[in-house]
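Asks: Data file protein-v3.txt (compact mmCIF, C-alpha atoms and all ligand atoms) is appended below.
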```txt
# COMPACT_ATOMS: atom_id res chain seq x y z
CA MET A 542 -50.58 163.52 -48.81
CA ARG A 543 -52.28 160.17 -49.23
CA VAL A 544 -50.35 157.70 -47.15
CA VAL A 545 -50.70 153.94 -46.85
CA THR A 546 -49.36 152.72 -43.51
CA VAL A 547 -48.69 149.03 -42.93
CA VAL A 548 -48.66 147.60 -39.41
CA GLY A 549 -49.10 144.04 -38.23
CA ALA A 550 -47.22 143.24 -35.05
CA ARG A 551 -47.51 144.49 -31.49
CA PRO A 552 -44.50 146.87 -31.45
CA GLN A 553 -45.75 148.53 -34.63
CA PHE A 554 -49.06 149.48 -33.04
CA ILE A 555 -47.12 151.17 -30.24
CA LYS A 556 -44.92 153.07 -32.71
CA ALA A 557 -47.79 154.03 -35.01
CA ALA A 558 -49.98 155.57 -32.29
CA PRO A 559 -48.32 159.03 -32.13
CA VAL A 560 -47.56 159.15 -35.86
CA CYS A 561 -51.16 158.35 -36.90
CA ARG A 562 -52.33 161.13 -34.62
CA ALA A 563 -49.91 163.73 -36.06
CA LEU A 564 -50.35 162.62 -39.66
CA ARG A 565 -54.14 162.68 -39.65
CA LEU A 566 -54.28 166.32 -38.54
CA ARG A 567 -53.59 167.37 -42.12
CA HIS A 568 -53.34 164.26 -44.31
CA GLU A 569 -55.17 161.17 -45.44
CA GLU A 570 -53.99 157.83 -44.08
CA LEU A 571 -55.13 154.38 -45.07
CA LEU A 572 -54.14 152.08 -42.21
CA VAL A 573 -53.51 148.48 -43.24
CA HIS A 574 -53.23 145.72 -40.62
CA THR A 575 -51.58 142.66 -42.11
CA GLY A 576 -52.99 140.37 -39.41
CA GLN A 577 -49.52 139.08 -38.42
CA HIS A 578 -50.65 139.49 -34.80
CA TYR A 579 -54.32 138.62 -34.39
CA ASP A 580 -55.02 137.57 -30.79
CA PRO A 581 -56.96 140.41 -29.12
CA SER A 582 -54.24 140.66 -26.43
CA MET A 583 -51.58 141.08 -29.14
CA SER A 584 -53.51 143.49 -31.33
CA ARG A 585 -56.92 145.00 -30.54
CA VAL A 586 -56.05 145.96 -26.99
CA PHE A 587 -53.36 148.33 -28.33
CA PHE A 588 -55.72 150.00 -30.80
CA ASP A 589 -58.24 150.58 -28.02
CA GLU A 590 -55.78 151.76 -25.39
CA LEU A 591 -53.63 153.97 -27.63
CA GLY A 592 -56.54 155.48 -29.54
CA ILE A 593 -55.31 154.17 -32.89
CA PRO A 594 -58.01 154.40 -35.55
CA ALA A 595 -59.43 151.02 -36.54
CA PRO A 596 -57.55 149.59 -39.53
CA ASP A 597 -59.15 150.51 -42.86
CA VAL A 598 -58.06 147.15 -44.24
CA ASP A 599 -57.23 143.89 -42.41
CA LEU A 600 -55.37 141.43 -44.59
CA GLY A 601 -55.85 138.65 -42.02
CA VAL A 602 -52.71 136.73 -43.04
CA GLY A 603 -52.14 135.17 -39.59
CA SER A 604 -49.15 133.01 -38.68
CA GLY A 605 -46.98 130.83 -40.89
CA SER A 606 -43.41 130.31 -42.04
CA HIS A 607 -41.56 133.53 -42.84
CA GLY A 608 -41.85 132.97 -46.58
CA ALA A 609 -45.52 132.00 -46.56
CA GLN A 610 -46.51 134.79 -44.20
CA THR A 611 -44.53 137.49 -46.02
CA GLY A 612 -45.68 136.19 -49.41
CA ARG A 613 -49.37 136.38 -48.49
CA MET A 614 -48.90 139.96 -47.29
CA LEU A 615 -46.98 140.92 -50.41
CA ALA A 616 -49.63 139.63 -52.81
CA ALA A 617 -52.44 141.39 -50.96
CA LEU A 618 -50.53 144.68 -50.65
CA ASP A 619 -49.59 144.63 -54.30
CA GLU A 620 -53.27 144.53 -55.23
CA LEU A 621 -54.20 147.21 -52.72
CA LEU A 622 -51.47 149.66 -53.80
CA ASP A 623 -52.42 149.21 -57.41
CA ILE A 624 -55.92 150.43 -56.56
CA GLU A 625 -55.02 153.11 -54.03
CA GLN A 626 -52.02 154.71 -55.80
CA PRO A 627 -50.83 156.54 -52.63
CA ASP A 628 -48.11 159.21 -52.49
CA LEU A 629 -46.22 157.23 -49.91
CA MET A 630 -45.87 153.92 -48.05
CA LEU A 631 -45.07 154.22 -44.33
CA VAL A 632 -43.58 151.23 -42.49
CA TYR A 633 -42.22 150.67 -38.98
CA GLY A 634 -39.46 148.58 -37.47
CA ASP A 635 -38.27 145.20 -38.64
CA THR A 636 -41.03 142.61 -38.81
CA ASN A 637 -42.25 140.57 -41.75
CA SER A 638 -45.07 143.12 -42.12
CA THR A 639 -42.44 145.87 -42.52
CA LEU A 640 -40.66 143.93 -45.24
CA ALA A 641 -43.86 143.12 -47.14
CA GLY A 642 -45.04 146.75 -47.02
CA ALA A 643 -41.73 148.15 -48.25
CA LEU A 644 -41.26 145.55 -50.97
CA ALA A 645 -44.80 145.84 -52.35
CA ALA A 646 -44.38 149.62 -52.58
CA ALA A 647 -40.85 149.61 -54.01
CA LYS A 648 -41.91 147.23 -56.80
CA LEU A 649 -44.70 149.63 -57.78
CA HIS A 650 -42.48 152.72 -57.51
CA VAL A 651 -44.39 154.07 -54.52
CA PRO A 652 -41.90 155.95 -52.29
CA VAL A 653 -41.17 154.20 -48.99
CA ALA A 654 -40.61 155.91 -45.64
CA HIS A 655 -39.13 153.73 -42.89
CA ILE A 656 -39.54 154.66 -39.24
CA GLU A 657 -36.84 153.19 -37.00
CA ALA A 658 -34.34 152.93 -39.82
CA GLY A 659 -30.64 152.15 -39.49
CA LEU A 660 -30.78 149.74 -36.57
CA ARG A 661 -28.37 146.82 -36.77
CA SER A 662 -27.54 143.89 -34.52
CA PHE A 663 -25.01 142.61 -37.10
CA ASP A 664 -26.50 139.15 -36.58
CA ARG A 665 -27.91 137.95 -39.89
CA SER A 666 -29.34 134.83 -38.27
CA MET A 667 -32.09 137.04 -36.83
CA PRO A 668 -35.05 137.35 -39.23
CA GLU A 669 -35.44 140.95 -38.06
CA GLU A 670 -31.89 141.85 -39.13
CA VAL A 671 -32.55 140.61 -42.66
CA ASN A 672 -35.77 142.65 -42.71
CA ARG A 673 -34.01 145.80 -41.47
CA VAL A 674 -31.25 145.70 -44.04
CA LEU A 675 -33.61 145.01 -46.95
CA VAL A 676 -36.15 147.64 -45.93
CA ASP A 677 -33.52 150.33 -45.41
CA HIS A 678 -32.09 149.69 -48.85
CA MET A 679 -35.56 149.97 -50.43
CA SER A 680 -36.52 153.15 -48.57
CA ASP A 681 -36.54 156.69 -49.93
CA ILE A 682 -36.90 158.41 -46.58
CA LEU A 683 -35.23 156.91 -43.54
CA PHE A 684 -36.17 158.11 -40.05
CA CYS A 685 -33.40 157.19 -37.63
CA PRO A 686 -33.83 157.32 -33.86
CA THR A 687 -30.13 157.76 -33.02
CA VAL A 688 -26.75 158.90 -34.31
CA CYS A 689 -25.62 155.28 -34.27
CA ALA A 690 -28.40 154.39 -36.72
CA ILE A 691 -27.26 157.15 -39.09
CA ASP A 692 -23.69 155.83 -38.88
CA ASN A 693 -24.85 152.28 -39.61
CA LEU A 694 -26.61 153.45 -42.76
CA ALA A 695 -23.61 155.50 -43.87
CA ALA A 696 -21.41 152.42 -43.49
CA GLU A 697 -23.70 150.67 -46.01
CA GLY A 698 -23.62 153.65 -48.37
CA VAL A 699 -27.12 154.89 -47.49
CA THR A 700 -26.94 158.65 -46.96
CA ARG A 701 -29.76 160.16 -49.05
CA GLY A 702 -33.10 160.84 -47.41
CA VAL A 703 -31.71 160.02 -43.96
CA HIS A 704 -33.05 162.03 -40.98
CA GLN A 705 -32.40 161.78 -37.27
CA VAL A 706 -35.76 162.35 -35.58
CA GLY A 707 -35.51 160.61 -32.21
CA ASP A 708 -37.58 157.63 -31.17
CA VAL A 709 -41.35 157.48 -31.65
CA MET A 710 -41.64 155.02 -28.76
CA LEU A 711 -40.67 157.88 -26.46
CA ASP A 712 -43.60 159.89 -27.89
CA THR A 713 -45.91 156.99 -27.04
CA MET A 714 -44.46 156.66 -23.55
CA ARG A 715 -44.95 160.38 -22.87
CA MET A 716 -48.49 160.44 -24.31
CA PHE A 717 -49.94 157.30 -22.81
CA SER A 718 -48.01 156.05 -19.84
CA GLU A 719 -46.69 158.90 -17.71
CA SER A 720 -50.05 159.80 -16.22
CA VAL A 721 -50.98 156.20 -15.32
CA ASP A 722 -50.87 155.29 -11.63
CA PRO A 723 -48.86 152.03 -11.48
CA ARG A 724 -50.08 150.94 -8.02
CA PRO A 725 -53.29 149.12 -9.05
CA VAL A 726 -51.33 147.14 -11.66
CA LEU A 727 -48.63 146.18 -9.15
CA ASP A 728 -51.29 145.21 -6.60
CA ARG A 729 -53.06 143.08 -9.17
CA HIS A 730 -49.88 141.07 -9.72
CA GLY A 731 -49.00 140.92 -6.03
CA VAL A 732 -45.70 142.80 -6.29
CA GLU A 733 -44.20 145.89 -4.68
CA GLN A 734 -42.39 148.87 -6.16
CA GLY A 735 -38.75 147.88 -6.82
CA GLY A 736 -39.32 144.37 -5.46
CA TYR A 737 -39.56 142.26 -8.62
CA TYR A 738 -38.19 141.69 -12.11
CA LEU A 739 -40.32 142.16 -15.23
CA ALA A 740 -39.54 139.60 -17.95
CA THR A 741 -40.44 139.01 -21.60
CA VAL A 742 -39.00 136.33 -23.92
CA HIS A 743 -40.16 135.78 -27.48
CA ARG A 744 -37.24 135.71 -29.95
CA ALA A 745 -37.16 132.63 -32.13
CA ALA A 746 -33.54 131.89 -31.12
CA THR A 747 -34.60 131.40 -27.51
CA SER A 748 -38.24 130.43 -27.52
CA ASP A 749 -37.91 127.78 -30.24
CA SER A 750 -35.10 125.95 -28.39
CA SER A 751 -36.03 123.56 -25.59
CA GLU A 752 -32.56 123.80 -24.07
CA ARG A 753 -32.46 127.59 -24.01
CA LEU A 754 -36.01 128.00 -22.83
CA SER A 755 -35.36 125.52 -20.05
CA SER A 756 -32.27 127.55 -18.96
CA VAL A 757 -34.45 130.65 -18.81
CA VAL A 758 -37.09 128.91 -16.68
CA ARG A 759 -34.47 127.50 -14.28
CA ALA A 760 -32.73 130.89 -14.01
CA PHE A 761 -35.98 132.79 -13.36
CA SER A 762 -36.85 130.27 -10.65
CA ARG A 763 -33.59 131.02 -8.84
CA LEU A 764 -33.66 134.82 -8.81
CA ASP A 765 -33.60 136.87 -5.62
CA ARG A 766 -36.95 138.55 -6.36
CA PRO A 767 -40.18 137.38 -8.01
CA VAL A 768 -40.31 137.52 -11.80
CA VAL A 769 -43.47 138.84 -13.47
CA TRP A 770 -43.24 137.13 -16.86
CA SER A 771 -45.54 138.38 -19.61
CA VAL A 772 -45.65 135.28 -21.82
CA HIS A 773 -45.88 135.76 -25.61
CA PRO A 774 -48.17 133.17 -27.31
CA ARG A 775 -45.23 131.70 -29.21
CA THR A 776 -43.30 131.19 -25.97
CA ARG A 777 -46.33 129.78 -24.17
CA HIS A 778 -46.88 127.31 -26.99
CA ASN A 779 -43.24 126.19 -26.84
CA LEU A 780 -43.15 126.00 -23.04
CA GLU A 781 -46.09 123.61 -23.28
CA ARG A 782 -44.58 121.67 -26.19
CA PHE A 783 -41.25 121.21 -24.37
CA GLY A 784 -42.96 120.16 -21.12
CA LEU A 785 -41.76 123.28 -19.27
CA TRP A 786 -45.06 124.99 -18.56
CA ASP A 787 -45.69 123.03 -15.33
CA ASP A 788 -42.28 124.18 -14.03
CA VAL A 789 -43.27 127.78 -14.75
CA VAL A 790 -46.62 127.51 -13.05
CA SER A 791 -45.29 125.64 -10.02
CA SER A 792 -42.29 127.94 -9.48
CA SER A 793 -42.85 130.04 -6.37
CA SER A 794 -40.85 132.92 -7.83
CA ILE A 795 -42.40 133.16 -11.33
CA VAL A 796 -45.66 135.06 -11.84
CA ALA A 797 -46.61 134.05 -15.39
CA VAL A 798 -49.19 136.30 -17.02
CA ASP A 799 -50.83 136.47 -20.45
CA PRO A 800 -49.59 139.24 -22.79
CA LEU A 801 -50.20 142.59 -21.13
CA SER A 802 -51.57 145.82 -22.51
CA TYR A 803 -49.34 148.82 -23.14
CA THR A 804 -50.22 150.71 -19.97
CA GLU A 805 -50.00 147.58 -17.81
CA THR A 806 -46.58 146.76 -19.25
CA SER A 807 -45.24 150.25 -18.74
CA ALA A 808 -46.62 150.41 -15.19
CA LEU A 809 -44.89 147.13 -14.37
CA LEU A 810 -41.74 148.34 -16.07
CA ARG A 811 -41.64 151.56 -14.02
CA GLY A 812 -41.99 149.60 -10.79
CA ALA A 813 -39.46 146.87 -11.61
CA HIS A 814 -36.07 146.39 -10.00
CA ALA A 815 -34.83 145.43 -13.49
CA LEU A 816 -36.13 144.23 -16.85
CA LEU A 817 -35.11 140.83 -18.25
CA THR A 818 -35.93 140.71 -21.95
CA ASP A 819 -35.02 139.74 -25.47
CA SER A 820 -37.31 142.42 -26.91
CA GLY A 821 -35.71 145.27 -28.85
CA GLY A 822 -38.22 147.96 -27.97
CA MET A 823 -38.36 147.18 -24.28
CA GLN A 824 -34.60 147.72 -23.85
CA LYS A 825 -35.23 151.33 -24.84
CA GLU A 826 -38.41 151.69 -22.81
CA ALA A 827 -36.46 150.59 -19.72
CA TYR A 828 -33.95 153.33 -20.47
CA PHE A 829 -36.75 155.91 -20.91
CA VAL A 830 -38.01 155.20 -17.38
CA GLY A 831 -34.62 154.62 -15.73
CA VAL A 832 -34.88 150.89 -15.05
CA PRO A 833 -31.78 148.74 -15.67
CA CYS A 834 -32.10 146.04 -18.31
CA VAL A 835 -30.57 142.61 -18.78
CA THR A 836 -30.88 141.57 -22.42
CA LEU A 837 -31.12 137.83 -22.96
CA ARG A 838 -29.25 137.90 -26.27
CA ASP A 839 -25.70 138.08 -27.50
CA SER A 840 -26.26 141.23 -29.58
CA THR A 841 -28.40 144.34 -29.51
CA GLU A 842 -29.39 147.12 -31.87
CA TRP A 843 -29.57 149.55 -28.95
CA ILE A 844 -25.87 149.76 -28.30
CA GLU A 845 -26.10 153.17 -26.58
CA THR A 846 -27.98 151.62 -23.66
CA ILE A 847 -25.02 149.27 -23.13
CA GLU A 848 -22.41 152.00 -23.47
CA LEU A 849 -24.22 154.14 -20.90
CA GLY A 850 -24.37 151.26 -18.42
CA TRP A 851 -28.16 150.80 -18.40
CA ASN A 852 -28.20 147.52 -20.27
CA ARG A 853 -26.08 144.38 -20.33
CA LEU A 854 -26.14 141.34 -22.58
CA THR A 855 -26.13 137.81 -21.30
CA VAL A 856 -25.86 134.47 -23.01
CA ILE A 857 -28.80 132.14 -22.47
CA ASP A 858 -27.32 130.05 -19.70
CA GLU A 859 -28.88 129.49 -16.28
CA ASP A 860 -25.91 130.69 -14.19
CA ALA A 861 -25.11 133.57 -16.53
CA ILE A 862 -28.67 134.92 -16.34
CA VAL A 863 -28.72 134.65 -12.53
CA ALA A 864 -25.33 136.41 -12.30
CA ALA A 865 -26.34 139.19 -14.72
CA ALA A 866 -29.64 139.84 -12.92
CA GLY A 867 -27.90 139.85 -9.57
CA SER A 868 -25.38 142.48 -10.56
CA VAL A 869 -27.46 145.23 -12.18
CA THR A 870 -26.53 148.75 -11.10
CA LEU A 871 -28.08 152.18 -11.54
CA PRO A 872 -25.80 154.49 -13.52
CA ASP A 873 -25.66 158.17 -12.49
CA SER A 874 -26.72 159.74 -15.78
CA ARG A 875 -29.36 159.10 -18.45
CA PRO A 876 -28.84 161.57 -21.31
CA GLU A 877 -31.63 162.30 -23.82
CA ILE A 878 -30.23 160.16 -26.63
CA TYR A 879 -33.65 159.25 -28.04
CA GLY A 880 -34.95 162.77 -28.68
CA ASP A 881 -37.51 164.84 -26.83
CA GLY A 882 -40.69 162.78 -27.26
CA ARG A 883 -41.84 164.81 -30.27
CA SER A 884 -40.53 162.62 -33.07
CA ALA A 885 -43.92 162.13 -34.72
CA GLU A 886 -44.26 165.86 -35.39
CA SER A 887 -40.76 165.98 -36.93
CA ILE A 888 -41.56 162.99 -39.12
CA VAL A 889 -44.75 164.56 -40.48
CA ALA A 890 -42.96 167.89 -41.10
CA ILE A 891 -40.20 166.15 -43.07
CA LEU A 892 -42.74 164.19 -45.12
CA GLU A 893 -44.65 167.39 -45.89
CA GLN A 894 -41.49 169.04 -47.15
CA ALA A 895 -40.73 166.06 -49.37
CA PHE A 896 -44.22 165.39 -50.73
CA THR A 897 -46.24 168.61 -50.70
CA ALA A 898 -43.71 171.14 -52.01
C1 LIG B 901 -42.82 139.21 -34.46
C2 LIG B 901 -41.62 139.87 -35.13
C3 LIG B 901 -40.64 140.36 -34.09
C4 LIG B 901 -41.32 141.21 -33.05
C5 LIG B 901 -42.48 140.45 -32.48
C6 LIG B 901 -43.23 141.23 -31.44
C7 LIG B 901 -41.02 138.98 -37.35
C8 LIG B 901 -40.02 138.18 -38.09
N1 LIG B 901 -40.91 138.95 -36.01
O1 LIG B 901 -42.34 138.05 -33.80
O2 LIG B 901 -39.63 141.12 -34.72
O3 LIG B 901 -40.40 141.54 -32.04
O4 LIG B 901 -43.38 140.11 -33.54
O5 LIG B 901 -44.11 140.40 -30.73
O6 LIG B 901 -41.87 139.60 -37.95
N2 LIG B 901 -48.98 133.97 -32.33
C9 LIG B 901 -50.20 133.85 -31.70
N3 LIG B 901 -51.05 134.92 -31.74
C10 LIG B 901 -50.73 136.09 -32.36
C11 LIG B 901 -49.49 136.20 -33.00
C12 LIG B 901 -48.62 135.14 -32.96
O7 LIG B 901 -50.51 132.81 -31.13
O8 LIG B 901 -51.54 137.03 -32.33
C13 LIG B 901 -48.02 132.82 -32.26
C14 LIG B 901 -48.16 131.88 -33.44
O9 LIG B 901 -47.89 130.60 -32.99
C15 LIG B 901 -47.04 132.34 -34.35
C16 LIG B 901 -45.98 132.75 -33.36
O10 LIG B 901 -46.71 133.34 -32.28
O11 LIG B 901 -46.60 131.34 -35.22
C17 LIG B 901 -44.98 133.74 -33.90
O12 LIG B 901 -45.66 134.88 -34.42
P1 LIG B 901 -44.95 135.78 -35.55
O13 LIG B 901 -45.83 136.93 -35.87
O14 LIG B 901 -44.49 134.92 -36.67
O15 LIG B 901 -43.64 136.29 -34.84
P2 LIG B 901 -43.36 136.91 -33.40
O16 LIG B 901 -42.59 135.91 -32.61
O17 LIG B 901 -44.58 137.48 -32.76
```
Please go through the file and, once you have read it, give me the structure as structure tokens.
Ligand code: UD1
Replies:
Amino acid sequence: MRVVTVVGARPQFIKAAPVCRALRLRHEELLVHTGQHYDPSMSRVFFDELGIPAPDVDLGVGSGSHGAQTGRMLAALDELLDIEQPDLMLVYGDTNSTLAGALAAAKLHVPVAHIEAGLRSFDRSMPEEVNRVLVDHMSDILFCPTVCAIDNLAAEGVTRGVHQVGDVMLDTMRMFSESVDPRPVLDRHGVEQGGYYLATVHRAATSDSSERLSSVVRAFSRLDRPVVWSVHPRTRHNLERFGLWDDVVSSSSIVAVDPLSYTETSALLRGAHALLTDSGGMQKEAYFVGVPCVTLRDSTEWIETIELGWNRLTVIDEDAIVAAAGSVTLPDSRPEIYGDGRSAESIVAILEQAFTA
């Protein structure tokens, strides 16, 4: 097979790592980086740490409004696919890079395979939800991590080419994080095993609102343990713009750090008392390692983590966040709902059956 893979944002590098490795054992992959994430701490560090081959093409689109950013990617990918004529387009997740990759391919009748298909928050105000729905409906092969994702697709009439393969982020976790000793990372940030919260906040709905971001800062300052907060560039920019950055830096309980690498993040996650996040992927990663999660959103795509008691949602309100963080519990069981950490192999086997018969 000749596959064009499109990645562009941090979570996609993490998902692509095990799949690139499995795919390239027997097939040809052209890896395209859209340039949606471009700071070294948001991009190159993941390629280096996770052994992802350097991108064959970097579109360098950078930041912009959703339309402008997606449009620049679409035009460049259209040209590239016309030249490359691959057997398949492979896309991951729900970012603007995912949408551009799928749309460019679908318009040129190149089959699309979507990894992490079928996820729904049922909140169309999220740009990611719009991307998910559109990409799933343009895809020929849909790789779902969970039964719930299969059910979501069926409810929208999408049943052909749908496969449950587990979650590729579990593959990455098993390959790259389990053997890492977390102690040096914890020491570096001045925290002790089980004695702190790990936090990430980057969704537009929270980080673009001065009122909501200020509630988050006030809540984090009041928690019963220190909060190691890995600050996304968008959030940092807005904290500064809204005059909140000084409050973050001067808070005795917030340890604000620049975006962390994959192994640093997973070491800090393993050692945390709980995770406070609005990230999608990190809700699952907390489940993988048995750390309770408080999700700073009013919906989630990872509903199983809620049903099993490992995750709870909270509205963005100072008292609500403090109350949710203060009442996390450790459920007794953690079933293997995300597969066995060998999803990448299953994905490649299914693609081979479909494209090399
Ligand atoms: C994007 C994805 C989101 C994903 C997240 C992971 C979409 C719609 N959103 O959100 O689903 O969870 O990536 O991080 O695709 N910026 C930098 N340096 C960078 C990248 C971004 O400073 O390397 C700043 C810029 O100010 C930019 C802002 O962050 O405007 C937002 O970046 P963007 O890629 O548009 O969205 P994310 O918030 O990262």
Asks: For Thr855 in chain A, list every protein, DNA or RNA residue within 9 Å, evaluated using only C-alpha atoms, and leave out those in the same chain fewer than 5 positions away; present the list as a list in words.
Replies: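 Skipping anything fewer than 5 positions along the chain leaves Val835, Thr836, Leu837, Arg838, Asp839, Ser840, Ala861, Ile862 and Ala865 of chain A.
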Asks: Around (-24.3, 153.1, -45.1), as given in the file, which residues come within 12 Å? Count all atoms listed in the file and list them as a compact mmCIF listing (two decimals) with C-alpha atoms, in the frame of the given file.
Replies:
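The resulting file, point_21.txt, is reproduced below:
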```txt
# COMPACT_ATOMS: atom_id res chain seq x y z
CA ALA A 658 -34.34 152.93 -39.82
CA GLY A 659 -30.64 152.15 -39.49
CA LEU A 660 -30.78 149.74 -36.57
CA ARG A 661 -28.37 146.82 -36.77
CA VAL A 674 -31.25 145.70 -44.04
CA ASP A 677 -33.52 150.33 -45.41
CA HIS A 678 -32.09 149.69 -48.85
CA LEU A 683 -35.23 156.91 -43.54
CA CYS A 689 -25.62 155.28 -34.27
CA ALA A 690 -28.40 154.39 -36.72
CA ILE A 691 -27.26 157.15 -39.09
CA ASP A 692 -23.69 155.83 -38.88
CA ASN A 693 -24.85 152.28 -39.61
CA LEU A 694 -26.61 153.45 -42.76
CA ALA A 695 -23.61 155.50 -43.87
CA ALA A 696 -21.41 152.42 -43.49
CA GLU A 697 -23.70 150.67 -46.01
CA GLY A 698 -23.62 153.65 -48.37
CA VAL A 699 -27.12 154.89 -47.49
CA THR A 700 -26.94 158.65 -46.96
CA ARG A 701 -29.76 160.16 -49.05
CA GLY A 702 -33.10 160.84 -47.41
CA VAL A 703 -31.71 160.02 -43.96
```
Asks: Emit as JSON the padded axis-aligned box for all listed atoms of ligand LIG 901 (chain B), 8 Å per side, with centre and edge lengths in Å to one decimal.
Replies:
```
{"center_x": -45.6, "center_y": 136.1, "center_z": -34.4, "size_x": 27.9, "size_y": 26.9, "size_z": 23.4}
```
Asks: Just want the residues within 7 Å of ligand LIG 901 (chain B), written as a ChimeraX atom specification, counting all atoms listed in the file.
Replies: /A:550-552,577-580,583-584,604-605,607,635-638,668-669,743-745,774-775,778,820-821
Asks: Neighbouring residues of Leu739 in chain A were defined as those with any atom within 8 Å, considering all atoms listed in the file; residues of the same chain fewer than 6 positions away were excluded. Please report them as a list in words.
Replies: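 The neighbour list is Val768, Val769, Trp770, Ser771, Leu809, Leu810, Ala813, His814, Ala815, Leu816 and Leu817 of chain A.
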Asks: To one decimal place in Å, what is the distance between CA of Glu620 in chain A and CA of Leu640 in chain A?
Replies: 16.1 Å
Asks: For CA of Gly822 in chain A and CA of Gly549 in chain A, quote the distance in Å rounded to one decimal.
Replies: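 Pair CA of Gly822 in chain A / CA of Gly549 in chain A returns 15.5 Å.
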Asks: Kindly indicate which residue among A:Phe783, A:Tyr737, A:Phe829, A:Phe896 lies nearest to Gly880 in chain A, using only C-alpha atoms for the distances.
Replies: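 Result for the nearest residue to Gly880 in chain A: A:Phe829.
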